[in-house]
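Participant: Below is the structure I would like to discuss, written out as structure tokens.
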Amino acid sequence: MQIVTIKLIKKVIKPIIELFVVFGISYRSLDMMIKEIYVSISSKKFGKRGRIANNSRISMATGISRREVRKIKSRLLSNPDSQSYSVSPLSKVIKIWINDYQYIDPKNQPKKLDYKNTKNSFCDLIKKARINATPNSALQEFKRLGLVKINEDKKICLLQNAVINDSNEEIFHARLSSHLNKSQYG
């Protein structure tokens with residue numbers, strides 16, 4: 001691929017990737033979505049006599065292994081509208097925070113957590129989630145996305161129980177739609 005082509009591709013996808021980063025959509029989710037799109041398009045474009053292309057042909061066209069092509073096609077055929085994508089690291093943390101008895105209060109609400117030096121602290125929560133980030137990095141990302149606040153007692157309070165939630169999903173959709181409207185391929 002020529003450098004000019006690479007620069008053009010980057011220019012096209014950069015604003016969309018920026019939007020995904022701002023709204024906390026993980027690379028793993030995006031990777032899975034892109035593979036599904038590659039397989040779906042290749043299945044239709046490279047089939048012969050109106051049939052869907054075979055896995056080998058799709059693999060050659062996309063660079064995705066035949067084994068993975070088979071799994072993706074099976075997923076797409078079973079229920080294309082209800083795909084579940086890999087959970088972002090912050091979503092894993094939130095899931096534990098709102099479901100694990102150690103991190104919820106007697107009213108089944110997420111506990112306000114000390115950063116460290118207490119049992120079931122924020123650092124312990126991050127360790128339990130087994131994400132590839134330090135507690136401080138996770139806290140900064142939670143704050144950037146408006147998912148937590150630190151109260152007057154220096155406790156970390158969960159404000160939202162999803163990375164993309166009701167309050168920002170409409171904004172995300174509007175921004176993504178504006179990218180489509182600017183594009184000639186939308």
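To be explicit about the labels: the chains of the structure tokens are called A, B, and onward in the order shown, and within each one the residues are counted from 1, while ligands get numbers from 1 in the order they are shown.
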If DSSP is run on the backbone, what residues of chain A are strand (DSSP E or B)? A reply as a ChimeraX atom specification would be ideal.

Facilitator: /A:104,110,113,148-150,156-158

Participant: Calculate how many Å separate atom CA of A:Ile16 from atom CA of A:Leu90, rounding to one decimal.

Facilitator: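 According to the coordinates, atom CA of A:Ile16 and atom CA of A:Leu90 are separated by 20.3 Å.
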
Participant: DSSP on the backbone, alpha helix (DSSP H) only: what residues of stretch 45-126 of chain A does that give? Format it as a PyMOL selection string.

Facilitator: chain A and resi 45+55-62+66-78+89-99+122-126

Participant: Once you have the residues from the selection above, write them out as a compact mmCIF listing (two decimals), in the first residue's frame, restricted to N, CA, C and O atoms.

Facilitator:
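Writing done, so here's selection-v6.txt:
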```txt
# COMPACT_ATOMS: atom_id res chain seq x y z
N LYS A 45 -19.65 -9.87 -1.84
CA LYS A 45 -18.91 -9.38 -3.01
C LYS A 45 -18.19 -10.48 -3.78
O LYS A 45 -18.03 -10.38 -4.99
N ASN A 55 -15.42 -19.67 3.02
CA ASN A 55 -14.54 -19.14 4.06
C ASN A 55 -13.12 -18.90 3.56
O ASN A 55 -12.48 -17.93 3.95
N SER A 56 -12.62 -19.78 2.69
CA SER A 56 -11.27 -19.59 2.16
C SER A 56 -11.17 -18.31 1.34
O SER A 56 -10.21 -17.56 1.46
N ARG A 57 -12.17 -18.08 0.51
CA ARG A 57 -12.16 -16.87 -0.32
C ARG A 57 -12.26 -15.62 0.54
O ARG A 57 -11.56 -14.64 0.32
N ILE A 58 -13.11 -15.66 1.55
CA ILE A 58 -13.24 -14.51 2.46
C ILE A 58 -11.93 -14.28 3.21
O ILE A 58 -11.47 -13.15 3.35
N SER A 59 -11.31 -15.36 3.64
CA SER A 59 -10.04 -15.27 4.35
C SER A 59 -8.96 -14.64 3.48
O SER A 59 -8.22 -13.77 3.93
N MET A 60 -8.90 -15.05 2.24
CA MET A 60 -7.91 -14.49 1.30
C MET A 60 -8.16 -13.01 1.06
O MET A 60 -7.24 -12.21 0.98
N ALA A 61 -9.42 -12.62 0.95
CA ALA A 61 -9.76 -11.23 0.66
C ALA A 61 -9.56 -10.30 1.86
O ALA A 61 -9.24 -9.13 1.69
N THR A 62 -9.74 -10.83 3.06
CA THR A 62 -9.73 -9.97 4.25
C THR A 62 -8.49 -10.10 5.12
O THR A 62 -8.19 -9.20 5.91
N ARG A 66 -9.47 -18.42 8.37
CA ARG A 66 -10.68 -19.16 8.02
C ARG A 66 -11.47 -19.55 9.27
O ARG A 66 -12.70 -19.51 9.27
N ARG A 67 -10.77 -19.94 10.30
CA ARG A 67 -11.42 -20.33 11.55
C ARG A 67 -12.25 -19.16 12.11
O ARG A 67 -13.40 -19.33 12.51
N GLU A 68 -11.65 -17.97 12.11
CA GLU A 68 -12.37 -16.81 12.63
C GLU A 68 -13.49 -16.40 11.69
O GLU A 68 -14.56 -15.99 12.14
N VAL A 69 -13.28 -16.53 10.39
CA VAL A 69 -14.34 -16.23 9.41
C VAL A 69 -15.54 -17.13 9.70
O VAL A 69 -16.69 -16.66 9.72
N ARG A 70 -15.29 -18.40 9.94
CA ARG A 70 -16.37 -19.35 10.23
C ARG A 70 -17.16 -18.91 11.47
O ARG A 70 -18.39 -18.90 11.48
N LYS A 71 -16.45 -18.52 12.52
CA LYS A 71 -17.10 -18.09 13.76
C LYS A 71 -17.92 -16.82 13.52
O LYS A 71 -19.06 -16.71 13.99
N ILE A 72 -17.35 -15.88 12.80
CA ILE A 72 -18.05 -14.62 12.54
C ILE A 72 -19.29 -14.85 11.70
O ILE A 72 -20.37 -14.33 12.00
N LYS A 73 -19.16 -15.67 10.63
CA LYS A 73 -20.33 -15.96 9.79
C LYS A 73 -21.42 -16.64 10.61
O LYS A 73 -22.60 -16.32 10.47
N SER A 74 -21.06 -17.55 11.47
CA SER A 74 -22.02 -18.24 12.30
C SER A 74 -22.74 -17.24 13.21
O SER A 74 -23.97 -17.29 13.36
N ARG A 75 -21.98 -16.33 13.83
CA ARG A 75 -22.57 -15.30 14.69
C ARG A 75 -23.52 -14.40 13.90
O ARG A 75 -24.61 -14.08 14.34
N LEU A 76 -23.08 -13.99 12.72
CA LEU A 76 -23.90 -13.09 11.90
C LEU A 76 -25.17 -13.77 11.43
O LEU A 76 -26.23 -13.15 11.36
N LEU A 77 -25.08 -15.06 11.09
CA LEU A 77 -26.26 -15.78 10.62
C LEU A 77 -27.25 -16.07 11.73
O LEU A 77 -28.45 -16.07 11.52
N SER A 78 -26.73 -16.32 12.94
CA SER A 78 -27.61 -16.69 14.04
C SER A 78 -28.49 -15.52 14.49
O SER A 78 -29.68 -15.68 14.69
N PRO A 89 -12.48 -2.28 29.53
CA PRO A 89 -11.94 -2.44 30.89
C PRO A 89 -12.78 -1.71 31.95
O PRO A 89 -13.04 -2.25 33.02
N LEU A 90 -13.23 -0.50 31.62
CA LEU A 90 -14.02 0.24 32.60
C LEU A 90 -15.37 -0.43 32.84
O LEU A 90 -15.88 -0.43 33.96
N SER A 91 -15.95 -1.02 31.81
CA SER A 91 -17.21 -1.72 31.98
C SER A 91 -17.04 -2.92 32.91
O SER A 91 -17.95 -3.24 33.70
N LYS A 92 -15.89 -3.60 32.81
CA LYS A 92 -15.62 -4.72 33.72
C LYS A 92 -15.60 -4.22 35.17
O LYS A 92 -16.15 -4.86 36.06
N VAL A 93 -14.94 -3.08 35.38
CA VAL A 93 -14.85 -2.52 36.73
C VAL A 93 -16.25 -2.16 37.23
O VAL A 93 -16.64 -2.50 38.36
N ILE A 94 -17.03 -1.48 36.38
CA ILE A 94 -18.39 -1.07 36.77
C ILE A 94 -19.24 -2.29 37.10
O ILE A 94 -19.99 -2.28 38.08
N LYS A 95 -19.13 -3.33 36.31
CA LYS A 95 -19.94 -4.54 36.54
C LYS A 95 -19.67 -5.11 37.94
O LYS A 95 -20.60 -5.48 38.65
N ILE A 96 -18.40 -5.15 38.32
CA ILE A 96 -18.07 -5.65 39.66
C ILE A 96 -18.60 -4.68 40.71
O ILE A 96 -19.20 -5.08 41.71
N TRP A 97 -18.40 -3.39 40.48
CA TRP A 97 -18.78 -2.36 41.44
C TRP A 97 -20.29 -2.37 41.72
O TRP A 97 -20.72 -2.12 42.84
N ILE A 98 -21.10 -2.68 40.72
CA ILE A 98 -22.55 -2.64 40.94
C ILE A 98 -23.17 -4.00 41.27
O ILE A 98 -24.33 -4.07 41.63
N ASN A 99 -22.36 -5.07 41.15
CA ASN A 99 -22.92 -6.41 41.37
C ASN A 99 -22.27 -7.19 42.51
O ASN A 99 -22.91 -8.08 43.07
N PHE A 122 -10.81 1.23 46.04
CA PHE A 122 -10.82 1.36 44.58
C PHE A 122 -9.66 0.56 43.98
O PHE A 122 -9.83 -0.11 42.96
N CYS A 123 -8.51 0.61 44.62
CA CYS A 123 -7.35 -0.18 44.13
C CYS A 123 -7.67 -1.67 44.13
O CYS A 123 -7.30 -2.38 43.19
N ASP A 124 -8.35 -2.14 45.18
CA ASP A 124 -8.75 -3.54 45.23
C ASP A 124 -9.74 -3.88 44.12
O ASP A 124 -9.68 -4.96 43.52
N LEU A 125 -10.65 -2.96 43.85
CA LEU A 125 -11.63 -3.15 42.78
C LEU A 125 -10.93 -3.30 41.43
O LEU A 125 -11.25 -4.20 40.65
N ILE A 126 -9.96 -2.46 41.17
CA ILE A 126 -9.22 -2.53 39.90
C ILE A 126 -8.46 -3.84 39.82
O ILE A 126 -8.44 -4.50 38.77
```

Participant: Using only C-alpha atoms, which of the listed residues (A:Ser88, A:Ala129, A:Ile41, A:Asp114) sits closest to A:Tyr27?

Facilitator: A:Ser88

Participant: Can you tell me which residues surround A:Leu147 at a distance of at most 9 Å, considering only C-alpha atoms, apart from same-chain residues fewer than 3 positions away, and format the answer as a ChimeraX atom specification?

Facilitator: /A:141-144,157-163

Participant: Using only C-alpha atoms, which of the listed residues (A:Asn117, A:Asn136, A:Gln109, A:Ser40) sits closest to A:Ala53?

Facilitator: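 Answer, going by the shortest atom-to-atom distance: A:Ser40.
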
Participant: Just how far from atom CA of A:Gly146 is atom CA of A:Gln102, in Å to one decimal?

Facilitator: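 Separating atom CA of A:Gln102 from atom CA of A:Gly146 is a distance of 23.2 Å.
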